[in-house]
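Engineer: Below is data-v7.txt; it holds compact mmCIF, C-alpha atoms.
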# COMPACT_ATOMS: atom_id res chain seq x y z
CA MET A 1 10.85 20.59 -43.49
CA SER A 2 8.48 22.80 -41.51
CA HIS A 3 6.89 25.50 -43.65
CA THR A 4 3.47 27.08 -43.65
CA ASN A 5 0.86 24.84 -45.26
CA LEU A 6 -0.31 27.23 -47.99
CA PRO A 7 -0.70 27.21 -51.77
CA HIS A 8 2.53 27.89 -53.66
CA PRO A 9 3.35 31.61 -53.34
CA GLU A 10 3.15 32.08 -57.12
CA GLU A 11 -0.51 31.05 -57.05
CA ARG A 12 -2.10 33.67 -54.81
CA PRO A 13 -1.82 37.46 -55.29
CA ALA A 14 -0.56 39.65 -52.46
CA GLY A 15 -3.32 41.15 -50.37
CA THR A 16 -5.68 38.16 -50.80
CA ARG A 17 -7.20 37.53 -47.39
CA LEU A 18 -6.97 33.97 -46.09
CA GLU A 19 -10.09 32.04 -45.25
CA GLY A 20 -10.84 31.48 -41.61
CA ARG A 21 -8.67 34.24 -40.17
CA THR A 22 -9.57 35.06 -36.59
CA ALA A 23 -10.26 38.60 -35.45
CA ARG A 24 -7.19 40.81 -35.56
CA VAL A 25 -5.61 41.69 -32.23
CA PRO A 26 -3.89 45.11 -32.36
CA ALA A 27 -0.19 45.11 -31.52
CA PHE A 28 1.14 47.33 -28.78
CA SER A 29 3.51 50.07 -29.87
CA ARG A 30 7.21 49.34 -30.03
CA ASP A 31 10.45 50.94 -31.12
CA ALA A 32 9.22 53.57 -33.60
CA GLY A 33 7.14 55.15 -30.86
CA GLU A 34 9.02 54.44 -27.64
CA GLY A 35 7.06 55.40 -24.57
CA GLN A 36 3.61 55.12 -26.16
CA THR A 37 1.38 52.47 -24.66
CA GLU A 38 -1.83 52.64 -26.69
CA ALA A 39 -2.67 49.64 -28.86
CA ARG A 40 -1.57 50.04 -32.46
CA GLU A 41 -1.81 47.87 -35.56
CA THR A 42 1.31 46.10 -36.75
CA VAL A 43 3.18 46.99 -39.93
CA LEU A 44 5.88 44.51 -40.91
CA VAL A 45 8.98 46.31 -42.18
CA TYR A 46 11.14 44.12 -44.42
CA ARG A 47 14.80 44.89 -45.08
CA HIS A 48 16.56 41.83 -46.44
CA ARG A 49 19.84 42.81 -44.78
CA LEU A 50 18.72 44.35 -41.49
CA ALA A 51 20.53 46.73 -41.54
CA PRO A 52 23.86 48.25 -42.62
CA LEU A 53 25.05 51.03 -40.33
CA SER A 54 24.96 53.46 -43.26
CA GLU A 55 21.17 52.97 -43.51
CA VAL A 56 20.14 53.21 -39.86
CA GLY A 57 19.55 56.96 -39.79
CA PHE A 58 17.28 57.23 -42.81
CA LEU A 59 15.44 53.93 -42.21
CA ARG A 60 14.53 54.95 -38.66
CA ARG A 61 13.17 58.32 -39.79
CA PHE A 62 10.56 56.69 -42.00
CA TYR A 63 8.63 55.72 -38.84
CA VAL A 64 9.27 58.47 -36.28
CA GLY A 65 5.85 60.04 -36.80
CA PHE A 66 3.78 56.87 -36.69
CA GLU A 67 0.82 57.05 -34.32
CA ARG A 68 -1.50 54.23 -35.44
CA LEU A 69 0.97 51.67 -36.76
CA ALA A 70 3.72 49.88 -34.83
CA PRO A 71 6.68 48.73 -36.97
CA VAL A 72 8.05 45.22 -36.49
CA TRP A 73 11.39 44.85 -38.28
CA LEU A 74 12.01 41.70 -40.29
CA GLY A 75 14.91 40.44 -42.41
CA CYS A 76 16.89 37.44 -43.61
CA HIS A 77 20.21 38.67 -42.27
CA ILE A 78 20.76 40.61 -39.04
CA ASP A 79 23.47 43.22 -39.51
CA GLN A 80 25.24 45.67 -37.20
CA GLY A 81 22.57 48.36 -37.42
CA ALA A 82 19.59 46.22 -36.41
CA GLY A 83 19.91 47.05 -32.71
CA ALA A 84 19.70 50.76 -33.46
CA LEU A 85 16.37 50.26 -35.21
CA THR A 86 14.62 47.89 -32.83
CA SER A 87 15.14 45.99 -29.61
CA ASP A 88 13.58 42.90 -31.19
CA PRO A 89 14.66 42.31 -34.82
CA ARG A 90 12.95 39.29 -36.37
CA ARG A 91 14.95 36.95 -38.60
CA LEU A 92 13.23 34.60 -41.00
CA GLY A 93 13.92 30.93 -40.40
CA ARG A 94 14.92 28.66 -37.56
CA SER A 95 18.15 29.03 -35.61
CA GLY A 96 21.22 27.06 -36.61
CA PRO A 97 21.86 25.20 -39.88
CA LEU A 98 18.17 24.54 -40.51
CA GLY A 99 17.65 28.30 -40.68
CA ILE A 100 20.04 28.47 -43.63
CA VAL A 101 17.82 25.97 -45.43
CA ASP A 102 14.70 27.97 -44.50
CA ARG A 103 16.15 31.21 -45.83
CA THR A 104 17.41 29.60 -49.04
CA LEU A 105 13.97 28.16 -49.78
CA PHE A 106 12.39 31.51 -48.98
CA ARG A 107 14.76 33.53 -51.16
CA HIS A 108 14.64 31.31 -54.23
CA PHE A 109 11.21 29.67 -54.05
CA GLY A 110 9.15 32.05 -51.90
CA LEU A 111 8.44 29.45 -49.19
CA LEU A 112 7.70 31.32 -45.98
CA PRO A 113 9.37 29.67 -42.96
CA ALA A 114 7.14 28.73 -40.04
CA GLN A 115 9.46 30.64 -37.72
CA PRO A 116 8.99 33.32 -36.63
CA ASP A 117 5.22 33.08 -36.47
CA LEU A 118 4.32 36.24 -38.37
CA ARG A 119 0.60 35.51 -38.20
CA ALA A 120 0.71 35.87 -34.43
CA LEU A 121 1.71 39.51 -34.95
CA ARG A 122 -1.54 40.14 -36.88
CA PRO A 123 0.06 42.58 -39.36
CA VAL A 124 -2.20 44.70 -41.52
CA VAL A 125 0.38 45.78 -44.12
CA LEU A 126 3.94 44.95 -45.22
CA HIS A 127 6.43 47.73 -46.05
CA ALA A 128 9.56 46.62 -47.89
CA HIS A 129 12.63 48.73 -48.61
CA PHE A 130 14.34 48.72 -52.01
CA GLY A 131 13.01 47.09 -55.16
CA ARG A 132 14.76 43.78 -54.59
CA GLY A 133 13.43 43.77 -51.03
CA GLY A 134 9.94 44.17 -52.43
CA ALA A 135 10.41 41.21 -54.75
CA LEU A 136 11.70 39.09 -51.87
CA ALA A 137 8.86 40.21 -49.59
CA LEU A 138 6.12 39.50 -52.12
CA PRO A 139 5.65 35.86 -50.95
CA ILE A 140 5.26 37.12 -47.36
CA ALA A 141 2.41 39.41 -48.38
CA ARG A 142 0.80 36.58 -50.33
CA ALA A 143 1.09 34.10 -47.48
CA LEU A 144 -0.30 36.53 -44.89
CA GLY A 145 -2.95 37.98 -47.19
CA ILE A 146 -1.88 41.59 -46.59
CA PRO A 147 -1.04 44.45 -48.99
CA LEU A 148 2.56 45.16 -49.92
CA VAL A 149 4.10 48.63 -50.16
CA VAL A 150 7.63 49.03 -51.56
CA THR A 151 9.88 52.07 -51.17
CA PHE A 152 12.39 52.67 -53.97
CA HIS A 153 15.48 54.62 -52.95
CA GLY A 154 17.44 55.27 -56.14
CA ALA A 155 19.78 52.60 -57.48
CA ASP A 156 16.93 50.09 -57.42
CA ALA A 157 15.19 52.24 -60.05
CA THR A 158 18.22 53.26 -62.11
CA LYS A 159 20.81 50.49 -62.11
CA GLU A 160 20.69 48.75 -65.47
CA THR A 161 21.94 45.44 -64.09
CA HIS A 162 18.67 45.11 -62.14
CA TYR A 163 16.62 45.23 -65.34
CA ARG A 164 18.91 43.63 -67.90
CA ARG A 165 17.65 40.41 -69.45
CA ARG A 166 19.75 37.35 -68.61
CA LEU A 167 19.71 33.74 -69.60
CA VAL A 168 19.11 32.94 -65.93
CA PRO A 169 17.23 35.96 -64.51
CA ARG A 170 17.86 37.15 -60.99
CA ILE A 171 15.12 37.09 -58.36
CA TYR A 172 14.14 40.73 -58.88
CA ALA A 173 13.84 40.37 -62.65
CA ARG A 174 12.00 37.07 -62.29
CA ARG A 175 9.36 38.57 -59.99
CA LEU A 176 9.22 42.09 -61.45
CA VAL A 177 6.01 41.69 -63.45
CA ALA A 178 4.24 40.08 -60.48
CA LEU A 179 5.54 42.83 -58.20
CA GLN A 180 4.24 45.56 -60.50
CA ARG A 181 0.89 43.81 -60.71
CA GLU A 182 0.37 42.80 -57.07
CA ALA A 183 1.98 45.44 -54.87
CA ALA A 184 -0.51 48.00 -53.60
CA LEU A 185 1.81 51.01 -53.74
CA PHE A 186 5.33 52.06 -54.73
CA VAL A 187 6.79 54.90 -52.69
CA CYS A 188 9.48 56.95 -54.46
CA VAL A 189 11.93 59.12 -52.51
CA SER A 190 12.09 61.67 -55.35
CA GLU A 191 10.34 62.68 -58.57
CA PHE A 192 13.44 61.44 -60.38
CA VAL A 193 12.95 57.94 -59.00
CA CYS A 194 9.25 58.10 -59.83
CA ASN A 195 10.00 59.01 -63.45
CA ARG A 196 12.51 56.18 -63.74
CA LEU A 197 9.95 53.67 -62.49
CA LEU A 198 7.43 54.97 -65.01
CA MET A 199 10.01 54.31 -67.72
CA ARG A 200 10.40 50.77 -66.33
CA GLY A 201 6.69 50.06 -66.82
CA PHE A 202 5.44 50.54 -63.26
CA PRO A 203 1.73 51.49 -63.15
CA PRO A 204 1.44 55.28 -62.64
CA GLU A 205 -1.58 54.95 -60.36
CA LYS A 206 0.55 52.99 -57.87
CA LEU A 207 3.40 55.54 -57.65
CA GLU A 208 3.61 58.13 -54.88
CA VAL A 209 6.49 60.47 -54.04
CA ILE A 210 7.27 60.77 -50.31
CA HIS A 211 10.62 62.35 -49.55
CA GLN A 212 12.87 61.04 -46.82
CA GLY A 213 12.47 63.46 -43.93
CA VAL A 214 14.99 64.93 -41.54
CA GLU A 215 14.67 65.65 -37.83
CA LEU A 216 14.70 69.36 -37.12
CA GLN A 217 16.44 70.72 -34.07
CA SER A 218 16.73 74.30 -32.93
CA ALA A 219 19.40 75.42 -35.37
CA GLU A 220 20.38 78.79 -36.74
CA ALA A 221 22.86 79.68 -39.43
CA VAL A 222 26.32 79.77 -37.84
CA GLU A 223 29.65 80.92 -39.12
CA ALA A 224 32.01 78.31 -40.48
CA ALA A 225 34.88 77.17 -38.27
CA ASN A 226 37.95 79.41 -38.09
CA ASP A 227 39.84 76.70 -39.96
CA PRO A 228 37.37 76.26 -42.85
CA TYR A 229 36.61 72.75 -44.02
CA VAL A 230 34.49 71.14 -46.72
CA LEU A 231 32.50 68.09 -45.57
CA PHE A 232 31.52 64.91 -47.39
CA VAL A 233 29.29 62.25 -45.83
CA GLY A 234 28.49 58.95 -47.53
CA ARG A 235 29.65 55.63 -48.90
CA PHE A 236 32.81 55.45 -50.94
CA VAL A 237 31.27 54.11 -54.13
CA GLU A 238 31.44 55.36 -57.70
CA LYS A 239 28.09 57.18 -57.79
CA LYS A 240 29.08 59.40 -54.83
CA GLY A 241 31.68 61.17 -57.00
CA VAL A 242 34.29 61.47 -54.24
CA SER A 243 37.14 61.40 -56.75
CA ASP A 244 35.72 64.58 -58.33
CA LEU A 245 35.67 66.23 -54.91
CA ILE A 246 39.30 65.29 -54.21
CA GLU A 247 40.32 66.71 -57.59
CA ALA A 248 38.33 69.91 -56.88
CA MET A 249 40.13 70.30 -53.54
CA ARG A 250 43.48 69.86 -55.30
CA LEU A 251 42.53 72.68 -57.69
CA LEU A 252 41.56 74.88 -54.73
CA GLU A 253 44.96 74.31 -53.14
CA THR A 254 46.73 75.55 -56.27
CA ARG A 255 44.65 78.76 -56.23
CA ASN A 256 44.47 80.07 -52.70
CA GLY A 257 45.64 77.41 -50.29
CA GLY A 258 42.22 75.79 -50.30
CA ALA A 259 40.47 74.41 -47.26
CA ARG A 260 40.53 71.28 -45.19
CA LEU A 261 38.59 68.29 -46.54
CA VAL A 262 36.77 66.08 -44.02
CA LEU A 263 35.25 62.82 -45.23
CA ILE A 264 32.85 60.79 -43.08
CA GLY A 265 32.07 57.29 -44.33
CA ASP A 266 33.76 54.35 -45.97
CA GLY A 267 33.21 51.77 -48.66
CA PRO A 268 34.80 49.61 -51.34
CA LEU A 269 36.68 52.54 -52.91
CA GLY A 270 38.16 53.64 -49.59
CA GLY A 271 41.70 52.49 -50.31
CA ALA A 272 41.83 54.05 -53.79
CA LEU A 273 40.39 57.36 -52.54
CA ARG A 274 42.86 57.58 -49.65
CA GLU A 275 45.67 57.06 -52.12
CA MET A 276 44.24 59.70 -54.46
CA ALA A 277 43.94 62.18 -51.58
CA ARG A 278 47.53 61.63 -50.39
CA PRO A 279 48.90 64.78 -52.17
CA LEU A 280 46.34 67.03 -50.43
CA LYS A 281 47.84 69.07 -47.61
CA ARG A 282 44.83 68.85 -45.30
CA VAL A 283 42.46 65.91 -45.52
CA GLU A 284 40.86 63.70 -42.87
CA PHE A 285 39.12 60.35 -43.30
CA LEU A 286 37.00 59.80 -40.19
CA GLY A 287 35.17 56.57 -41.08
CA TRP A 288 31.56 56.09 -40.05
CA LEU A 289 30.34 58.23 -37.16
CA PRO A 290 27.07 58.32 -35.16
CA ASN A 291 24.49 60.68 -36.59
CA THR A 292 24.89 63.10 -33.68
CA GLU A 293 28.59 63.44 -34.51
CA VAL A 294 27.85 63.86 -38.21
CA ARG A 295 25.46 66.69 -37.45
CA ARG A 296 28.08 68.36 -35.24
CA TRP A 297 30.61 68.24 -38.08
CA MET A 298 27.99 69.69 -40.42
CA ARG A 299 27.40 72.75 -38.26
CA GLY A 300 31.00 73.95 -38.59
CA ALA A 301 31.48 73.20 -42.29
CA VAL A 302 31.79 75.78 -45.03
CA ALA A 303 29.54 73.47 -47.04
CA LEU A 304 28.40 69.92 -47.40
CA CYS A 305 29.55 68.64 -50.77
CA VAL A 306 27.45 66.08 -52.65
CA PRO A 307 29.29 65.53 -55.97
CA SER A 308 27.20 62.56 -57.12
CA VAL A 309 27.51 61.09 -60.62
CA THR A 310 25.89 58.33 -62.64
CA ALA A 311 28.05 55.22 -62.27
CA ARG A 312 29.08 53.14 -65.25
CA THR A 313 26.47 50.56 -64.22
CA GLY A 314 23.74 53.21 -64.37
CA ASP A 315 23.62 53.40 -60.57
CA SER A 316 22.30 56.82 -59.52
CA GLU A 317 21.11 58.57 -56.39
CA GLY A 318 17.48 58.96 -55.45
CA LEU A 319 17.73 62.05 -53.30
CA PRO A 320 20.47 61.75 -50.66
CA THR A 321 19.12 62.24 -47.13
CA VAL A 322 22.39 63.87 -46.11
CA ILE A 323 21.31 66.93 -48.12
CA PHE A 324 18.26 67.42 -45.92
CA GLU A 325 20.33 66.87 -42.79
CA ALA A 326 22.74 69.63 -43.80
CA MET A 327 19.90 71.99 -44.67
CA ALA A 328 18.31 71.30 -41.28
CA GLU A 329 21.62 72.29 -39.66
CA ALA A 330 21.66 75.53 -41.68
CA VAL A 331 24.60 74.43 -43.80
CA PRO A 332 24.68 75.22 -47.54
CA VAL A 333 24.99 72.32 -49.96
CA VAL A 334 27.26 72.31 -52.99
CA ALA A 335 26.13 69.45 -55.22
CA SER A 336 26.12 68.14 -58.74
CA ASP A 337 22.94 68.58 -60.74
CA HIS A 338 22.28 64.85 -60.62
CA ALA A 339 19.17 62.68 -60.28
CA GLY A 340 16.72 64.19 -57.75
CA ILE A 341 19.17 66.58 -56.05
CA ALA A 342 17.69 69.66 -57.72
CA GLU A 343 14.36 68.83 -56.05
CA ALA A 344 15.98 69.82 -52.74
CA VAL A 345 18.78 72.26 -53.61
CA GLU A 346 17.69 75.48 -55.31
CA HIS A 347 20.72 76.90 -57.08
CA GLY A 348 21.66 80.30 -55.71
CA SER A 349 18.93 80.15 -53.08
CA SER A 350 19.62 77.27 -50.67
CA GLY A 351 22.82 75.95 -52.20
CA LEU A 352 24.89 75.74 -55.37
CA LEU A 353 24.58 73.22 -58.20
CA VAL A 354 27.31 72.36 -60.69
CA PRO A 355 27.39 70.04 -63.71
CA GLU A 356 27.88 66.38 -62.93
CA GLY A 357 31.49 65.18 -63.17
CA ASP A 358 33.02 68.70 -63.38
CA PRO A 359 35.79 69.19 -60.73
CA PRO A 360 36.72 72.75 -61.90
CA ALA A 361 33.10 73.89 -61.54
CA LEU A 362 32.96 72.20 -58.15
CA ALA A 363 36.13 74.03 -57.09
CA ASP A 364 34.67 77.36 -58.24
CA ALA A 365 31.48 76.82 -56.22
CA LEU A 366 33.37 75.87 -53.07
CA ALA A 367 35.73 78.84 -53.49
CA SER A 368 32.78 81.23 -53.69
CA LEU A 369 31.55 80.09 -50.27
CA ILE A 370 35.02 80.16 -48.70
CA GLU A 371 35.75 83.64 -50.02
CA ARG A 372 32.29 85.17 -49.49
CA PRO A 373 30.99 84.60 -45.94
CA GLY A 374 27.91 86.69 -46.69
CA LEU A 375 26.87 84.31 -49.47
CA ARG A 376 27.31 81.33 -47.18
CA GLN A 377 25.20 83.02 -44.48
CA ARG A 378 22.38 83.79 -46.94
CA LEU A 379 22.31 80.26 -48.37
CA SER A 380 22.45 78.74 -44.88
CA THR A 381 19.42 80.68 -43.67
CA ALA A 382 17.39 79.77 -46.75
CA ALA A 383 18.39 76.10 -46.51
CA ARG A 384 17.15 75.86 -42.93
CA GLU A 385 13.82 77.50 -43.82
CA ILE A 386 13.24 75.13 -46.74
CA ALA A 387 14.03 72.08 -44.61
CA ALA A 388 11.57 73.22 -41.93
CA GLU A 389 8.81 73.89 -44.47
CA ARG A 390 9.13 70.86 -46.72
CA VAL A 391 10.97 67.86 -45.31
CA SER A 392 10.56 67.49 -41.57
CA ALA A 393 10.82 63.82 -40.58
CA LEU A 394 7.54 63.95 -38.67
CA GLN A 395 5.71 65.39 -41.65
CA GLN A 396 7.06 62.87 -44.16
CA SER A 397 6.64 59.95 -41.74
CA ARG A 398 2.98 60.82 -41.19
CA ARG A 399 2.47 60.94 -44.95
CA LEU A 400 3.90 57.42 -45.18
CA GLU A 401 1.72 56.17 -42.33
CA ALA A 402 -1.36 57.64 -44.01
CA ALA A 403 -0.45 55.82 -47.24
CA LEU A 404 0.04 52.51 -45.41
CA LEU A 405 -3.26 52.90 -43.57
CA ARG A 406 -4.98 53.70 -46.84
CA VAL A 407 -3.81 50.54 -48.63
CA ALA A 408 -4.63 48.50 -45.51
CA GLY A 409 -8.21 49.77 -45.68
CA LEU A 410 -7.92 51.59 -42.35
CA ALA A 411 -8.22 55.12 -43.77
CA PRO A 412 -10.29 56.74 -46.51
CA PRO A 413 -8.89 56.28 -50.05
Using structure tokens, write down the structure from this file.
Structural biologist:
Amino acid sequence: MSHTNLPHPEERPAGTRLEGRTARVPAFSRDAGEGQTEARETVLVYRHRLAPLSEVGFLRRFYVGFERLAPVWLGCHIDQGAGALTSDPRRLGRSGPLGIVDRTLFRHFGLLPAQPDLRALRPVVLHAHFGRGGALALPIARALGIPLVVTFHGADATKETHYRRRLVPRIYARRLVALQREAALFVCVSEFVCNRLLMRGFPPEKLEVIHQGVELQSAEAVEAANDPYVLFVGRFVEKKGVSDLIEAMRLLETRNGGARLVLIGDGPLGGALREMARPLKRVEFLGWLPNTEVRRWMRGAVALCVPSVTARTGDSEGLPTVIFEAMAEAVPVVASDHAGIAEAVEHGSSGLLVPEGDPPALADALASLIERPGLRQRLSTAAREIAAERVSALQQSRRLEAALLRVAGLAPP
């Protein structure tokens, strides 16, 4: 079995430099900064499943403002969205059946496969997405002697099953203490996620909130389409609260004829939600669409609805990026007061908040925007201004790059 000849990954902390390393050769820019030719240092970006289509938009935006670091994407499984993130996704392990063995040994025992040759890339820092991804990436940081930064997105901080004690602990639970001790930084996408990690025992000095940004285009508040519709964008899973939205639309129909409901996305609850929505007079399930199409649908919507709830497993949102996308398109957001959503949506100013799991309140909020165009116009204008001031993708991406450079020792602390 061909693996790197290093001490067992449990024996050396992440960020410990290896003896005898040759001088670092800067990597040339790739993917995150197409068209730039100056030499840049390499940051390895680890996503265990690289990458579901539903994640492509927000993962890419983390790196759009990078100027000194060139992302190289790395994972154990190459998924449909990988090609949208990079022209050269790297998969751990050899090709063919031996690669399955490599990846199994890596996942369970932290043995870094010899292929691909990550040392040849001369990375200066490793950035992993999701808590479990950080635990899986920890042996990579140890083997390469580089600091590890982990971004937590929501469920990885809130879902009780990730932290529950078991007779045979899962990989994340087994490596959690080491991850808390050895990682250089934990990036939280919202204050809510940050507070949850504090409750989980993460060191406060290693926590930093950096919101997911959104790309701003020249957008102005526009009137809703002549045939008004409410828009939902996201996965069909319990925490998204789609069943509450369908019930709210049913209530609207009984009052004043309601509005059309357009749902973009899919997921394990797709069949049940389609069945639940069958009695609605006007509903469309469009499946997953490219981000450009999603933004076009946003611009004509009465509102984007984000009716998120805490799932029975404890699974919660961090701060859904789709909220920032709608605000950037000058579309008001009607959302539940859940997790970190209130950090983005100011009730009565840039959108409307309702109690979590309350379809009648959701129906009332949507009706107010349908029946009062002036209110929608005011909220739309404010939403766009807030997005431009606080959460541009370039601004948030540069904050992330500065943090990565800092832990890599390439910028002042």
Engineer: Find the residues with any atom within 8 Å of (20.6, 51.4, -38.7); use only C-alpha atoms and the coordinates as given in the file, and write the answer as a list of chain:residue names.
Structural biologist: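 Residues with an atom close enough to that point: A:Leu50, A:Ala51, A:Pro52, A:Leu53, A:Ser54, A:Glu55, A:Val56, A:Gly57, A:Phe58, A:Leu59, A:Arg60, A:Gln80, A:Gly81, A:Ala82, A:Gly83, A:Ala84, A:Leu85.
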Engineer: In Å to one decimal, how far is atom CA of Leu263 of chain A from atom CA of Gly234 of chain A?
Structural biologist: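 Between atom CA of Gly234 of chain A and atom CA of Leu263 of chain A the gap is 8.1 Å.
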Engineer: Please report, as a tab-separated table, each residue of segment 324-355 of chain A lying at most 12 Å from segment 180-190 of chain A, together with the nearest pair of atoms and the separation in Å rounded to one decimal; use all atoms listed in the file, and order rows by chain and ascending residue number.
Structural biologist:
residue	atom	partner	partner_atom	distance
A:His338	CA	A:Ser190	CA	11.9
A:Ala339	CA	A:Ser190	CA	8.7
A:Gly340	CA	A:Ser190	CA	5.8
A:Ile341	CA	A:Ser190	CA	8.6
A:Ala342	CA	A:Ser190	CA	10.0
A:Glu343	CA	A:Ser190	CA	7.5
A:Ala344	CA	A:Ser190	CA	9.4
Engineer: Taking 2 positions as the minimum chain separation for residues in the same chain, which residues sit within 12 Å of Asp227 of chain A when counting all atoms listed in the file? Answer as a PDB file with C-alpha atoms, in the frame of the given file.
Structural biologist:
ATOM      1  CA  GLU A 223      29.650  80.920 -39.120  1.00  0.00           C
ATOM      2  CA  ALA A 224      32.010  78.310 -40.480  1.00  0.00           C
ATOM      3  CA  ALA A 225      34.880  77.170 -38.270  1.00  0.00           C
ATOM      4  CA  TYR A 229      36.610  72.750 -44.020  1.00  0.00           C
ATOM      5  CA  VAL A 230      34.490  71.140 -46.720  1.00  0.00           C
ATOM      6  CA  GLY A 257      45.640  77.410 -50.290  1.00  0.00           C
ATOM      7  CA  GLY A 258      42.220  75.790 -50.300  1.00  0.00           C
ATOM      8  CA  ALA A 259      40.470  74.410 -47.260  1.00  0.00           C
ATOM      9  CA  ARG A 260      40.530  71.280 -45.190  1.00  0.00           C
ATOM     10  CA  LEU A 261      38.590  68.290 -46.540  1.00  0.00           C
ATOM     11  CA  VAL A 262      36.770  66.080 -44.020  1.00  0.00           C
ATOM     12  CA  ARG A 282      44.830  68.850 -45.300  1.00  0.00           C
ATOM     13  CA  GLY A 300      31.000  73.950 -38.590  1.00  0.00           C
ATOM     14  CA  ALA A 301      31.480  73.200 -42.290  1.00  0.00           C
ATOM     15  CA  VAL A 302      31.790  75.780 -45.030  1.00  0.00           C
ATOM     16  CA  ILE A 370      35.020  80.160 -48.700  1.00  0.00           C
TER      17      ILE A 370
END
Engineer: Under the rule that only C-alpha atoms are counted, which of A:Ile246, A:Leu179, A:Ala408, A:Leu269 is the nearest residue to Pro360 of chain A?
Structural biologist: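 Looking at the shortest contact to Pro360 of chain A, the residue is A:Ile246.
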Engineer: Could you name the residues that touch segment 379-393 of chain A at 7 Å or less, counting all atoms listed in the file, but leaving out those on the same chain fewer than 2 positions away, as a count of residues only?
Structural biologist: 23
Engineer: Can you tell me how far atom CA of Gly145 of chain A sits from atom CA of Val43 of chain A, in Å to one decimal?
Structural biologist: 13.1 Å
Engineer: Determine the nearest neighbour of Trp297 of chain A from the options A:Ala248, A:Pro320, A:Arg312, A:Leu231, counting all atoms listed in the file.
Structural biologist: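 Selected residue with least distance to Trp297 of chain A: A:Leu231.
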Engineer: So how many Å separate atom CA of Ala326 of chain A and atom CA of Met298 of chain A, to one decimal?
Structural biologist: 6.2 Å
Engineer: In terms of the shortest atom-to-atom distance over only C-alpha atoms, which of A:Ser87, A:Thr310, A:Ser368, A:Thr104 is closest to Gly241 of chain A?
Structural biologist: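 Of A:Ser87, A:Thr310, A:Ser368, A:Thr104, the one nearest Gly241 of chain A is A:Thr310, counting only C-alpha atoms.
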Engineer: Can you work out which one of A:Val345, A:Leu111, A:Ala272, A:Leu404 has the shortest atom-to-atom distance to Val125 of chain A, counting all atoms listed in the file?
Structural biologist: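 Under the stated criterion, the closest residue is A:Leu404.
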Engineer: Considering only C-alpha atoms, state which residue in the set A:Leu44, A:Leu126, A:Val309, A:Val64 is at the smallest distance from Ile146 of chain A.
Structural biologist: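 For Ile146 of chain A, the nearest of the candidates is A:Leu126.
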Engineer: Residues within 8 Å of Ala335 of chain A, please, as number ranges by chain. Count only C-alpha atoms; anything in the same chain fewer than 5 positions from it doesn't count.
Structural biologist: A: 305-308, 341, 351-354, 362
Engineer: Considering all atoms listed in the file, can you say which of A:His77, A:Arg175, A:Arg91, A:Lys206 comes closest to Asp117 of chain A?
Structural biologist: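 For Asp117 of chain A, the nearest of the given residues is A:Arg91.
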Engineer: Using all atoms listed in the file, determine which residues lie at most 12 Å from Leu98 of chain A, disregarding the query and same-chain residues fewer than 3 positions distant; provide the list as a PyMOL selection string.
Structural biologist: chain A and resi 1-3+92-95+101-105+113-115
Engineer: For segment 115-131 of chain A, I'd like the enclosing box, axis-aligned and padded by 5 Å on every side, reported as AutoDock Vina command-line options with centre and edge lengths in Å to one decimal.
Structural biologist:
--center_x 6.1 --center_y 39.7 --center_z -44.8 --size_x 26.5 --size_y 28.1 --size_z 30.7
Engineer: Could you complete segment 393-402 of chain A so that it carries N, CA and C atoms, and give it back as a compact mmCIF listing (two decimals), in the coordinates of the input?
Structural biologist:
# COMPACT_ATOMS: atom_id res chain seq x y z
N ALA A 393 11.01 65.26 -40.69
CA ALA A 393 10.82 63.82 -40.58
C ALA A 393 9.42 63.47 -40.11
N LEU A 394 8.89 64.23 -39.16
CA LEU A 394 7.54 63.95 -38.67
C LEU A 394 6.52 64.09 -39.78
N GLN A 395 6.65 65.14 -40.57
CA GLN A 395 5.71 65.39 -41.65
C GLN A 395 5.75 64.28 -42.69
N GLN A 396 6.95 63.90 -43.13
CA GLN A 396 7.06 62.87 -44.16
C GLN A 396 6.67 61.49 -43.61
N SER A 397 7.01 61.22 -42.36
CA SER A 397 6.64 59.95 -41.74
C SER A 397 5.13 59.81 -41.63
N ARG A 398 4.45 60.88 -41.29
CA ARG A 398 2.98 60.82 -41.19
C ARG A 398 2.34 60.63 -42.56
N ARG A 399 2.97 61.18 -43.59
CA ARG A 399 2.47 60.94 -44.95
C ARG A 399 2.59 59.45 -45.30
N LEU A 400 3.72 58.85 -44.92
CA LEU A 400 3.90 57.42 -45.18
C LEU A 400 2.89 56.60 -44.40
N GLU A 401 2.69 56.92 -43.12
CA GLU A 401 1.72 56.17 -42.33
C GLU A 401 0.33 56.28 -42.93
N ALA A 402 -0.04 57.46 -43.39
CA ALA A 402 -1.36 57.64 -44.01
C ALA A 402 -1.49 56.76 -45.26
